[in-house]
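Have a look at start_7.json below; it lists JSON, C-alpha atoms.
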```json
[["chain", "number", "residue", "atom", "x", "y", "z"],
["A", 3, "MET", "CA", 67.28, 77.80, 103.79],
["A", 4, "LYS", "CA", 65.33, 80.31, 101.74],
["A", 5, "ASP", "CA", 66.79, 80.87, 98.29],
["A", 6, "LYS", "CA", 67.32, 84.56, 98.99],
["A", 7, "ASP", "CA", 69.58, 83.63, 101.90],
["A", 8, "PHE", "CA", 71.69, 81.23, 99.83],
["A", 9, "ILE", "CA", 75.04, 82.81, 98.96],
["A", 10, "TRP", "CA", 76.16, 83.22, 95.37],
["A", 11, "ALA", "CA", 79.38, 85.19, 95.72],
["A", 12, "VAL", "CA", 82.40, 86.35, 93.81],
["A", 13, "LEU", "CA", 85.71, 87.22, 95.49],
["A", 14, "LEU", "CA", 87.19, 90.42, 94.05],
["A", 15, "HIS", "CA", 90.41, 92.19, 94.92],
["A", 16, "MET", "CA", 90.88, 95.77, 95.89],
["A", 17, "GLY", "CA", 94.35, 95.33, 97.38],
["A", 18, "ARG", "CA", 96.97, 92.92, 96.06],
["A", 19, "ASN", "CA", 99.84, 93.09, 98.54],
["A", 20, "MET", "CA", 99.15, 89.56, 99.69],
["A", 21, "TRP", "CA", 101.64, 87.48, 97.72],
["A", 22, "SER", "CA", 105.38, 87.84, 98.31],
["A", 23, "ASP", "CA", 107.25, 90.69, 99.93],
["A", 24, "VAL", "CA", 109.84, 90.68, 97.13],
["A", 25, "PRO", "CA", 109.35, 90.61, 93.33],
["A", 26, "VAL", "CA", 109.38, 86.87, 92.59],
["A", 27, "PRO", "CA", 106.82, 84.54, 91.00],
["A", 28, "PHE", "CA", 104.51, 82.26, 92.93],
["A", 29, "TRP", "CA", 106.28, 79.08, 91.99],
["A", 30, "GLY", "CA", 109.26, 77.68, 90.12],
["A", 31, "PRO", "CA", 112.90, 77.09, 91.06],
["A", 32, "LYS", "CA", 115.05, 79.98, 92.18],
["A", 33, "ALA", "CA", 116.88, 79.95, 88.85],
["A", 34, "ASN", "CA", 113.63, 80.84, 87.07],
["A", 35, "ARG", "CA", 112.94, 84.06, 88.93],
["A", 36, "VAL", "CA", 111.40, 86.63, 86.65],
["A", 37, "THR", "CA", 112.60, 90.21, 86.40],
["A", 38, "ASP", "CA", 110.09, 91.62, 83.90],
["A", 39, "PRO", "CA", 107.91, 94.09, 85.89],
["A", 40, "LYS", "CA", 104.87, 93.30, 83.74],
["A", 41, "ARG", "CA", 105.06, 89.62, 84.65],
["A", 42, "LEU", "CA", 105.65, 90.41, 88.30],
["A", 43, "ALA", "CA", 102.65, 92.74, 88.60],
["A", 44, "GLY", "CA", 100.38, 90.31, 90.40],
["A", 45, "VAL", "CA", 102.83, 88.51, 92.65],
["A", 46, "CYS", "CA", 104.85, 91.15, 94.45],
["A", 47, "ALA", "CA", 104.27, 93.99, 96.86],
["A", 48, "ALA", "CA", 103.76, 97.42, 95.31],
["A", 49, "ASP", "CA", 103.75, 100.97, 96.62],
["A", 50, "HIS", "CA", 100.55, 101.76, 94.70],
["A", 51, "LEU", "CA", 97.04, 100.33, 94.47],
["A", 52, "ARG", "CA", 96.59, 97.93, 91.55],
["A", 53, "PHE", "CA", 92.88, 98.46, 91.08],
["A", 54, "ASP", "CA", 90.81, 99.89, 88.23],
["A", 55, "GLU", "CA", 87.48, 101.38, 89.27],
["A", 56, "ASN", "CA", 86.00, 101.09, 85.76],
["A", 57, "ALA", "CA", 86.86, 97.39, 85.63],
["A", 58, "TRP", "CA", 85.42, 96.97, 89.14],
["A", 59, "ARG", "CA", 82.13, 98.55, 88.06],
["A", 60, "LYS", "CA", 81.90, 96.32, 85.00],
["A", 61, "VAL", "CA", 82.51, 93.14, 86.97],
["A", 62, "THR", "CA", 80.16, 93.98, 89.85],
["A", 63, "ALA", "CA", 77.43, 94.99, 87.38],
["A", 64, "HIS", "CA", 77.88, 91.66, 85.61],
["A", 65, "ALA", "CA", 77.68, 89.78, 88.90],
["A", 66, "ALA", "CA", 74.40, 91.49, 89.76],
["A", 67, "GLU", "CA", 73.02, 90.93, 86.27],
["A", 68, "LYS", "CA", 73.76, 87.21, 86.49],
["A", 69, "GLY", "CA", 71.94, 86.88, 89.80],
["A", 70, "MET", "CA", 74.76, 86.92, 92.34],
["A", 71, "ASN", "CA", 73.90, 88.39, 95.73],
["A", 72, "MET", "CA", 77.30, 88.86, 97.39],
["A", 73, "VAL", "CA", 80.73, 90.29, 96.65],
["A", 74, "VAL", "CA", 83.57, 89.45, 99.05],
["A", 75, "ILE", "CA", 86.08, 92.28, 98.89],
["A", 76, "ASP", "CA", 89.73, 91.42, 99.49],
["A", 77, "ILE", "CA", 90.80, 94.74, 100.93],
["A", 78, "GLY", "CA", 94.49, 94.47, 101.76],
["A", 79, "GLU", "CA", 96.08, 97.88, 101.27],
["A", 80, "GLY", "CA", 93.00, 99.24, 99.49],
["A", 81, "LEU", "CA", 91.79, 101.61, 102.20],
["A", 82, "LEU", "CA", 93.27, 104.66, 103.89],
["A", 83, "LEU", "CA", 92.41, 103.74, 107.45],
["A", 84, "LYS", "CA", 92.14, 106.48, 110.03],
["A", 85, "SER", "CA", 93.43, 104.16, 112.73],
["A", 86, "HIS", "CA", 96.53, 103.16, 110.73],
["A", 87, "PRO", "CA", 97.18, 105.44, 107.75],
["A", 88, "GLU", "CA", 100.70, 104.01, 107.54],
["A", 89, "LEU", "CA", 99.23, 100.88, 105.92],
["A", 90, "ALA", "CA", 98.02, 102.82, 102.88],
["A", 91, "VAL", "CA", 99.76, 103.02, 99.51],
["A", 92, "LYS", "CA", 99.42, 105.47, 96.64],
["A", 93, "GLY", "CA", 95.82, 105.35, 95.50],
["A", 94, "SER", "CA", 94.27, 103.77, 98.62],
["A", 95, "TRP", "CA", 90.66, 104.89, 98.94],
["A", 96, "GLU", "CA", 89.43, 107.12, 101.72],
["A", 97, "ILE", "CA", 86.72, 105.55, 103.87],
["A", 98, "ASP", "CA", 83.99, 108.01, 102.89],
["A", 99, "ARG", "CA", 84.52, 107.28, 99.21],
["A", 100, "PHE", "CA", 84.48, 103.55, 99.89],
["A", 101, "ARG", "CA", 81.25, 103.71, 101.88],
["A", 102, "LYS", "CA", 79.53, 105.32, 98.88],
["A", 103, "GLU", "CA", 80.69, 102.42, 96.74],
["A", 104, "LEU", "CA", 79.28, 99.94, 99.25],
["A", 105, "GLU", "CA", 75.92, 101.69, 99.01],
["A", 106, "ARG", "CA", 76.07, 101.37, 95.23],
["A", 107, "LEU", "CA", 76.68, 97.64, 95.55],
["A", 108, "ARG", "CA", 73.78, 97.20, 97.96],
["A", 109, "GLY", "CA", 71.55, 99.09, 95.57],
["A", 110, "MET", "CA", 72.40, 96.50, 92.90],
["A", 111, "GLY", "CA", 71.46, 93.63, 95.22],
["A", 112, "LEU", "CA", 75.04, 92.71, 96.12],
["A", 113, "GLU", "CA", 75.86, 92.28, 99.80],
["A", 114, "PRO", "CA", 79.44, 93.51, 100.39],
["A", 115, "ILE", "CA", 81.49, 91.39, 102.78],
["A", 116, "PRO", "CA", 84.98, 92.37, 104.00],
["A", 117, "LYS", "CA", 88.02, 90.13, 103.70],
["A", 118, "LEU", "CA", 91.36, 90.83, 105.40],
["A", 119, "ASN", "CA", 93.87, 88.02, 105.15],
["A", 120, "PHE", "CA", 95.77, 87.44, 108.41],
["A", 121, "SER", "CA", 97.71, 84.42, 107.17],
["A", 122, "THR", "CA", 101.43, 85.13, 107.49],
["A", 123, "CYS", "CA", 101.67, 84.02, 103.86],
["A", 124, "HIS", "CA", 99.33, 86.80, 102.72],
["A", 125, "ASP", "CA", 99.83, 89.72, 105.09],
["A", 126, "THR", "CA", 102.35, 91.88, 103.23],
["A", 127, "TRP", "CA", 99.63, 94.57, 103.34],
["A", 128, "LEU", "CA", 100.34, 94.83, 107.08],
["A", 129, "LYS", "CA", 103.82, 96.12, 106.25],
["A", 130, "ASP", "CA", 106.14, 96.06, 109.30],
["A", 131, "TYR", "CA", 103.37, 94.71, 111.53],
["A", 132, "GLY", "CA", 103.48, 91.51, 109.47],
["A", 133, "ARG", "CA", 106.91, 90.91, 111.00],
["A", 134, "MET", "CA", 105.56, 91.46, 114.53],
["A", 135, "VAL", "CA", 103.24, 88.45, 114.44],
["A", 136, "SER", "CA", 101.96, 87.24, 117.82],
["A", 137, "THR", "CA", 103.17, 90.30, 119.74],
["A", 138, "PRO", "CA", 101.00, 92.74, 121.73],
["A", 139, "GLU", "CA", 101.54, 95.38, 119.02],
["A", 140, "TYR", "CA", 100.37, 92.94, 116.34],
["A", 141, "TYR", "CA", 97.19, 92.09, 118.22],
["A", 142, "ARG", "CA", 96.46, 95.77, 118.78],
["A", 143, "VAL", "CA", 96.88, 96.69, 115.13],
["A", 144, "CYS", "CA", 94.84, 93.73, 113.90],
["A", 145, "ALA", "CA", 92.00, 94.63, 116.25],
["A", 146, "ASP", "CA", 92.13, 98.28, 115.16],
["A", 147, "VAL", "CA", 91.99, 97.37, 111.49],
["A", 148, "ILE", "CA", 89.19, 94.83, 111.88],
["A", 149, "ARG", "CA", 87.10, 97.27, 113.89],
["A", 150, "GLU", "CA", 87.50, 100.13, 111.41],
["A", 151, "VAL", "CA", 86.73, 97.94, 108.40],
["A", 152, "TRP", "CA", 83.71, 96.51, 110.23],
["A", 153, "GLU", "CA", 82.47, 100.04, 110.83],
["A", 154, "ALA", "CA", 83.08, 101.01, 107.19],
["A", 155, "PHE", "CA", 80.96, 98.05, 106.08],
["A", 156, "ASP", "CA", 78.14, 99.10, 108.45],
["A", 157, "LYS", "CA", 78.40, 96.07, 110.71],
["A", 158, "PRO", "CA", 78.42, 93.20, 108.17],
["A", 159, "ARG", "CA", 77.07, 89.80, 109.18],
["A", 160, "LEU", "CA", 80.22, 88.02, 107.92],
["A", 161, "PHE", "CA", 83.94, 88.84, 108.04],
["A", 162, "HIS", "CA", 86.47, 86.77, 106.08],
["A", 163, "LEU", "CA", 89.83, 86.43, 107.87],
["A", 164, "GLY", "CA", 91.69, 84.49, 105.20],
["A", 165, "TYR", "CA", 94.11, 82.23, 107.11],
["A", 166, "ASP", "CA", 95.18, 80.08, 104.16],
["A", 167, "GLU", "CA", 98.52, 78.67, 103.03],
["A", 168, "GLU", "CA", 100.52, 79.50, 106.16],
["A", 169, "THR", "CA", 103.40, 77.15, 105.39],
["A", 170, "ALA", "CA", 107.11, 77.54, 104.76],
["A", 171, "GLY", "CA", 106.74, 76.13, 101.27],
["A", 172, "ASN", "CA", 104.29, 78.85, 100.26],
["A", 173, "GLN", "CA", 106.81, 81.46, 101.43],
["A", 174, "ALA", "CA", 109.89, 79.87, 99.91],
["A", 175, "TYR", "CA", 110.82, 82.97, 97.91],
["A", 176, "TYR", "CA", 109.77, 85.61, 100.44],
["A", 177, "ALA", "CA", 112.39, 87.80, 102.10],
["A", 178, "ILE", "CA", 111.18, 86.46, 105.43],
["A", 179, "SER", "CA", 109.13, 83.35, 106.14],
["A", 180, "ILE", "CA", 106.92, 83.30, 109.24],
["A", 181, "VAL", "CA", 104.86, 80.25, 110.15],
["A", 182, "ARG", "CA", 102.83, 79.84, 113.32],
["A", 183, "GLN", "CA", 102.47, 76.26, 114.49],
["A", 184, "GLY", "CA", 100.54, 74.29, 117.07],
["A", 185, "GLU", "CA", 99.21, 76.30, 120.00],
["A", 186, "LEU", "CA", 100.38, 79.63, 118.61],
["A", 187, "TRP", "CA", 98.43, 79.18, 115.38],
["A", 188, "TRP", "CA", 95.31, 78.38, 117.38],
["A", 189, "HIS", "CA", 95.89, 81.20, 119.88],
["A", 190, "ASP", "CA", 96.10, 83.84, 117.16],
["A", 191, "PHE", "CA", 93.26, 82.43, 115.11],
["A", 192, "LEU", "CA", 90.94, 82.19, 118.11],
["A", 193, "TYR", "CA", 91.89, 85.71, 119.18],
["A", 194, "LEU", "CA", 90.99, 87.21, 115.80],
["A", 195, "SER", "CA", 87.88, 85.12, 115.21],
["A", 196, "GLY", "CA", 86.74, 85.81, 118.76],
["A", 197, "PHE", "CA", 87.24, 89.53, 118.22],
["A", 198, "VAL", "CA", 85.07, 89.38, 115.11],
["A", 199, "GLU", "CA", 82.36, 87.54, 117.03],
["A", 200, "LYS", "CA", 82.42, 90.18, 119.78],
["A", 201, "LEU", "CA", 81.62, 92.74, 117.09],
["A", 202, "GLY", "CA", 78.51, 90.75, 116.27],
["A", 203, "CYS", "CA", 79.45, 89.13, 112.96],
["A", 204, "ARG", "CA", 80.43, 85.65, 111.93],
["A", 205, "PRO", "CA", 84.07, 84.82, 111.13],
["A", 206, "TRP", "CA", 84.71, 83.14, 107.80],
["A", 207, "ILE", "CA", 87.98, 81.45, 106.76],
["A", 208, "TRP", "CA", 89.68, 79.33, 104.15],
["A", 209, "SER", "CA", 89.72, 75.74, 105.42],
["A", 210, "ASP", "CA", 93.02, 74.41, 104.07],
["A", 211, "TYR", "CA", 94.57, 74.08, 107.54],
["A", 212, "CYS", "CA", 92.45, 70.92, 107.77],
["A", 213, "TRP", "CA", 94.30, 69.31, 104.85],
["A", 214, "LYS", "CA", 97.33, 68.50, 106.99],
["A", 215, "HIS", "CA", 95.70, 68.67, 110.43],
["A", 216, "PRO", "CA", 92.26, 67.04, 109.97],
["A", 217, "ASP", "CA", 91.75, 65.63, 113.48],
["A", 218, "GLU", "CA", 93.05, 68.77, 115.18],
["A", 219, "PHE", "CA", 90.93, 70.99, 112.95],
["A", 220, "VAL", "CA", 87.75, 69.02, 113.58],
["A", 221, "SER", "CA", 88.24, 68.95, 117.34],
["A", 222, "ARG", "CA", 89.34, 72.56, 117.88],
["A", 223, "MET", "CA", 87.71, 74.70, 115.19],
["A", 224, "PRO", "CA", 84.56, 76.42, 116.53],
["A", 225, "LYS", "CA", 81.40, 75.54, 114.62],
["A", 226, "SER", "CA", 80.57, 79.24, 114.63],
["A", 227, "VAL", "CA", 83.29, 79.82, 112.01],
["A", 228, "LEU", "CA", 82.01, 79.62, 108.42],
["A", 229, "GLN", "CA", 84.24, 77.40, 106.27],
["A", 230, "SER", "CA", 85.39, 77.78, 102.68],
["A", 231, "ASN", "CA", 87.34, 74.79, 101.53],
["A", 232, "TRP", "CA", 88.77, 75.39, 98.06],
["A", 233, "TYR", "CA", 89.65, 73.02, 95.28],
["A", 234, "TYR", "CA", 90.32, 74.26, 91.74],
["A", 235, "GLY", "CA", 90.87, 71.00, 89.87],
["A", 236, "THR", "CA", 88.47, 68.81, 87.91],
["A", 237, "ALA", "CA", 88.88, 65.40, 89.58],
["A", 238, "PHE", "CA", 85.90, 64.99, 91.90],
["A", 239, "THR", "CA", 85.71, 61.21, 91.46],
["A", 240, "GLU", "CA", 87.63, 58.14, 92.56],
["A", 241, "GLU", "CA", 90.23, 59.06, 89.93],
["A", 242, "LYS", "CA", 91.70, 61.75, 92.20],
["A", 243, "ASP", "CA", 95.42, 61.54, 92.92],
["A", 244, "ALA", "CA", 96.64, 62.00, 96.52],
["A", 245, "HIS", "CA", 96.97, 65.78, 96.18],
["A", 246, "GLN", "CA", 93.51, 66.22, 94.67],
["A", 247, "LYS", "CA", 91.97, 63.69, 97.03],
["A", 248, "THR", "CA", 92.94, 65.68, 100.13],
["A", 249, "ARG", "CA", 91.51, 68.92, 98.78],
["A", 250, "ALA", "CA", 88.31, 67.67, 97.18],
["A", 251, "GLU", "CA", 87.43, 65.31, 100.02],
["A", 252, "ALA", "CA", 87.87, 68.08, 102.60],
["A", 253, "TYR", "CA", 84.30, 69.09, 101.70],
["A", 254, "GLU", "CA", 83.18, 65.70, 103.00],
["A", 255, "LEU", "CA", 85.42, 65.92, 106.08],
["A", 256, "LEU", "CA", 83.89, 69.26, 107.05],
["A", 257, "GLU", "CA", 80.37, 67.98, 106.42],
["A", 258, "LYS", "CA", 80.84, 64.90, 108.60],
["A", 259, "ALA", "CA", 82.14, 67.18, 111.36],
["A", 260, "GLY", "CA", 79.07, 69.42, 111.11],
["A", 261, "PHE", "CA", 80.57, 72.66, 109.77],
["A", 262, "ASP", "CA", 78.66, 75.23, 107.73],
["A", 263, "GLN", "CA", 80.30, 75.68, 104.34],
["A", 264, "VAL", "CA", 80.58, 77.99, 101.34],
["A", 265, "PRO", "CA", 82.56, 75.86, 98.86],
["A", 266, "THR", "CA", 84.86, 77.87, 96.61],
["A", 267, "GLY", "CA", 85.84, 77.19, 93.04],
["A", 268, "SER", "CA", 87.82, 79.11, 90.45],
["A", 269, "ASN", "CA", 88.60, 79.42, 86.78],
["A", 270, "CYS", "CA", 92.27, 80.18, 87.42],
["A", 271, "TYR", "CA", 93.38, 76.78, 86.07],
["A", 272, "ASN", "CA", 90.50, 75.52, 83.93],
["A", 273, "ARG", "CA", 86.97, 76.30, 82.76],
["A", 274, "GLN", "CA", 85.28, 73.32, 84.37],
["A", 275, "ASN", "CA", 85.90, 73.67, 88.10],
["A", 276, "ASN", "CA", 83.05, 76.00, 89.05],
["A", 277, "GLY", "CA", 80.52, 73.88, 87.20],
["A", 278, "LEU", "CA", 81.81, 70.68, 88.81],
["A", 279, "THR", "CA", 82.04, 72.08, 92.34],
["A", 280, "VAL", "CA", 78.33, 72.87, 92.63],
["A", 281, "PRO", "CA", 76.83, 69.40, 91.93],
["A", 282, "PHE", "CA", 79.56, 67.61, 93.90],
["A", 283, "CYS", "CA", 79.06, 69.75, 97.00],
["A", 284, "ARG", "CA", 75.27, 69.60, 96.76],
["A", 285, "LYS", "CA", 75.67, 65.82, 96.87],
["A", 286, "VAL", "CA", 78.06, 65.58, 99.83],
["A", 287, "ILE", "CA", 76.96, 68.54, 102.03],
["A", 288, "ALA", "CA", 73.63, 68.59, 103.85],
["A", 289, "PRO", "CA", 71.32, 71.41, 102.70],
["A", 290, "GLU", "CA", 71.15, 72.94, 106.17],
["A", 291, "ARG", "CA", 74.95, 73.30, 106.26],
["A", 292, "LEU", "CA", 75.49, 74.32, 102.64],
["A", 293, "LYS", "CA", 75.25, 78.10, 102.91],
["A", 294, "GLY", "CA", 76.20, 78.95, 99.34],
["A", 295, "PHE", "CA", 78.99, 78.98, 96.77],
["A", 296, "MET", "CA", 81.77, 81.38, 95.88],
["A", 297, "THR", "CA", 84.02, 81.74, 92.87],
["A", 298, "ALA", "CA", 87.52, 83.24, 93.13],
["A", 299, "PRO", "CA", 89.03, 84.31, 89.80],
["A", 300, "TRP", "CA", 92.25, 85.42, 91.58],
["A", 301, "GLY", "CA", 93.15, 88.23, 89.23],
["A", 302, "GLU", "CA", 93.73, 91.92, 89.74],
["A", 303, "THR", "CA", 90.63, 94.01, 89.23],
["A", 304, "LYS", "CA", 91.99, 95.50, 86.03],
["A", 305, "GLU", "CA", 90.63, 95.90, 82.50],
["A", 306, "ALA", "CA", 92.86, 93.08, 81.25],
["A", 307, "ASN", "CA", 91.10, 90.64, 83.60],
["A", 308, "VAL", "CA", 87.48, 91.66, 83.06],
["A", 309, "ALA", "CA", 86.79, 88.80, 80.64],
["A", 310, "LYS", "CA", 88.30, 86.29, 83.08],
["A", 311, "HIS", "CA", 86.15, 87.65, 85.90],
["A", 312, "PHE", "CA", 83.04, 87.56, 83.71],
["A", 313, "ALA", "CA", 83.77, 83.94, 82.82],
["A", 314, "SER", "CA", 84.23, 82.96, 86.46],
["A", 315, "ILE", "CA", 80.87, 84.47, 87.34],
["A", 316, "ASP", "CA", 79.16, 82.92, 84.33],
["A", 317, "GLN", "CA", 80.53, 79.45, 85.07],
["A", 318, "LEU", "CA", 79.31, 79.45, 88.64],
["A", 319, "MET", "CA", 75.89, 80.87, 87.85],
["A", 320, "ALA", "CA", 75.39, 78.44, 84.98],
["A", 321, "ALA", "CA", 75.61, 75.66, 87.58],
["A", 322, "ARG", "CA", 73.00, 77.29, 89.79]]
```
Mind converting the file's structure to structure tokens?
Amino acid sequence: MKDKDFIWAVLLHMGRNMWSDVPVPFWGPKANRVTDPKRLAGVCAADHLRFDENAWRKVTAHAAEKGMNMVVIDIGEGLLLKSHPELAVKGSWEIDRFRKELERLRGMGLEPIPKLNFSTCHDTWLKDYGRMVSTPEYYRVCADVIREVWEAFDKPRLFHLGYDEETAGNQAYYAISIVRQGELWWHDFLYLSGFVEKLGCRPWIWSDYCWKHPDEFVSRMPKSVLQSNWYYGTAFTEEKDAHQKTRAEAYELLEKAGFDQVPTGSNCYNRQNNGLTVPFCRKVIAPERLKGFMTAPWGETKEANVAKHFASIDQLMAAR
């Protein structure tokens, strides 16, 4: 693969209505629920867009300056879609304004790639449609939204569909928990990924479904789907505990099965992960299937998080 085609990406958030449909923290026992709105800002649904354009411009400029060539945009409720304006919140961007921003990114050498998360754990942005999962209305709305976002991005070559953490445990404190299993999970995933392929771009997903269903994943997941396994710890050696072992070794599982990969690290828990992910994955993934790397700082695109986003970018690019 030519170096210019190798992906060096950062995942940035426009929308944030992807964690919890009620104001509770990610984790912790029920007795420890937090009521301070400032502490809840990043983990609950909101009726307004939590996005700072000035912070966004700083972070994307830094990514370009450091040599990155892609920004994956987690859209969520960030856009006022003509097909479904009911999904918008206060502050959602109109499509014409957004398209101008995409042109600015391209002018900086950053390829913008859309991400819409269709995991039932992260689809609060779909509002009521998120409670209509696997119905004809749900399929219609999902197709409408994908098509309009695809058009807004001027027919991108990749489209990230999310699809991570769809378990009951990850929705323990939601008002409603919805988990597709077995054939239904595969039916919906193949419908959405197939729809993306019909548009002419490659579907891209988080790979964590393989952690608990490795044989099923390997046998049924189309090789046309680009994979991003994610592991944010620091134990890439034989010292891994069972939890770390499953996540870190999924890179090797996917490689042995012949999947193309964009491994994803983060600085959300430590400062070492991005720098450790690159050499480990270069060692265990064949060059022809290693399509690049991505870092996911997992913070709102706000001024308070600019330094964290800068650090995430710097850590990954230092390992280049």
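Atom CA of A:Gly267 lies 6.1 Å from atom CA of A:Trp232.
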**Prompt:** For A:Val74, which of A:Ser209, A:Met296, A:Lys225, A:Asp217 is the closest residue, counting all atoms listed in the file?
**Reply:** A:Met296
Would you mind listing, for every residue of stretch 105-138 of chain A within 12 Å of stretch 173-192 of chain A, the two atoms forming the shortest contact and the distance between them in Å to one decimal, using only C-alpha atoms, sorted by chain and ascending residue number, as a Markdown table?
```
| residue | atom | partner | partner_atom | distance |
| --- | --- | --- | --- | --- |
| A:Asn119 | CA | A:Phe191 | CA | 11.4 |
| A:Phe120 | CA | A:Phe191 | CA | 8.7 |
| A:Ser121 | CA | A:Val181 | CA | 8.8 |
| A:Thr122 | CA | A:Ile180 | CA | 6.0 |
| A:Cys123 | CA | A:Gln173 | CA | 6.2 |
| A:His124 | CA | A:Gln173 | CA | 9.3 |
| A:Asp125 | CA | A:Ile180 | CA | 10.4 |
| A:Thr126 | CA | A:Tyr176 | CA | 10.1 |
| A:Asp130 | CA | A:Ile178 | CA | 11.5 |
| A:Gly132 | CA | A:Ile180 | CA | 8.9 |
| A:Arg133 | CA | A:Ile180 | CA | 7.8 |
| A:Met134 | CA | A:Ile180 | CA | 9.8 |
| A:Val135 | CA | A:Ile180 | CA | 8.2 |
| A:Ser136 | CA | A:Asp190 | CA | 6.8 |
| A:Thr137 | CA | A:Asp190 | CA | 9.9 |
| A:Pro138 | CA | A:Asp190 | CA | 11.1 |
```
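Straight-line separation from atom CA of A:Glu150 to atom CA of A:Trp206: 17.6 Å.
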**Prompt:** If we count all atoms listed in the file, what is near A:Arg322 at a cut-off of 10 Å, once residues fewer than 2 positions away on the same chain are taken out, given as a PyMOL selection string?
**Reply:** chain A and resi 10+69+277+280-281+295+316-320
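You can rank A:Ile75, A:Cys212, A:Val61, A:Ala11 by their closest distance to A:Pro265 using only C-alpha atoms, and at the top of that list sits A:Ala11.
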**Request:** Tell me which of A:Asn276, A:Glu199, A:Ser221, A:Cys283 sits closest to A:Glu257, counting all atoms listed in the file.
**Result:** A:Cys283
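From atom CA of A:Val143 back to atom CA of A:Lys157, the distance works out to 19.0 Å.
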**Message:** Report as a list in words all protein, DNA and RNA residues lying within 7 Å of A:Arg52, evaluated on only C-alpha atoms, omitting residues in the same chain fewer than 5 positions from it.
**Reply:** Gly17, Arg18 and Glu302 of chain A
**Request:** May I have the residues within 10 Å of stretch 102-108 of chain A as a list in words, using only C-alpha atoms and disregarding those fewer than 2 positions away in the same chain?
**Result:** Arg59, Thr62, Ala63, Ala66, Asn71, Met72, Val73, Ile97, Asp98, Arg99, Phe100, Met110, Gly111, Leu112, Glu113, Pro114, Ile115, Ala154, Phe155 and Asp156 of chain A
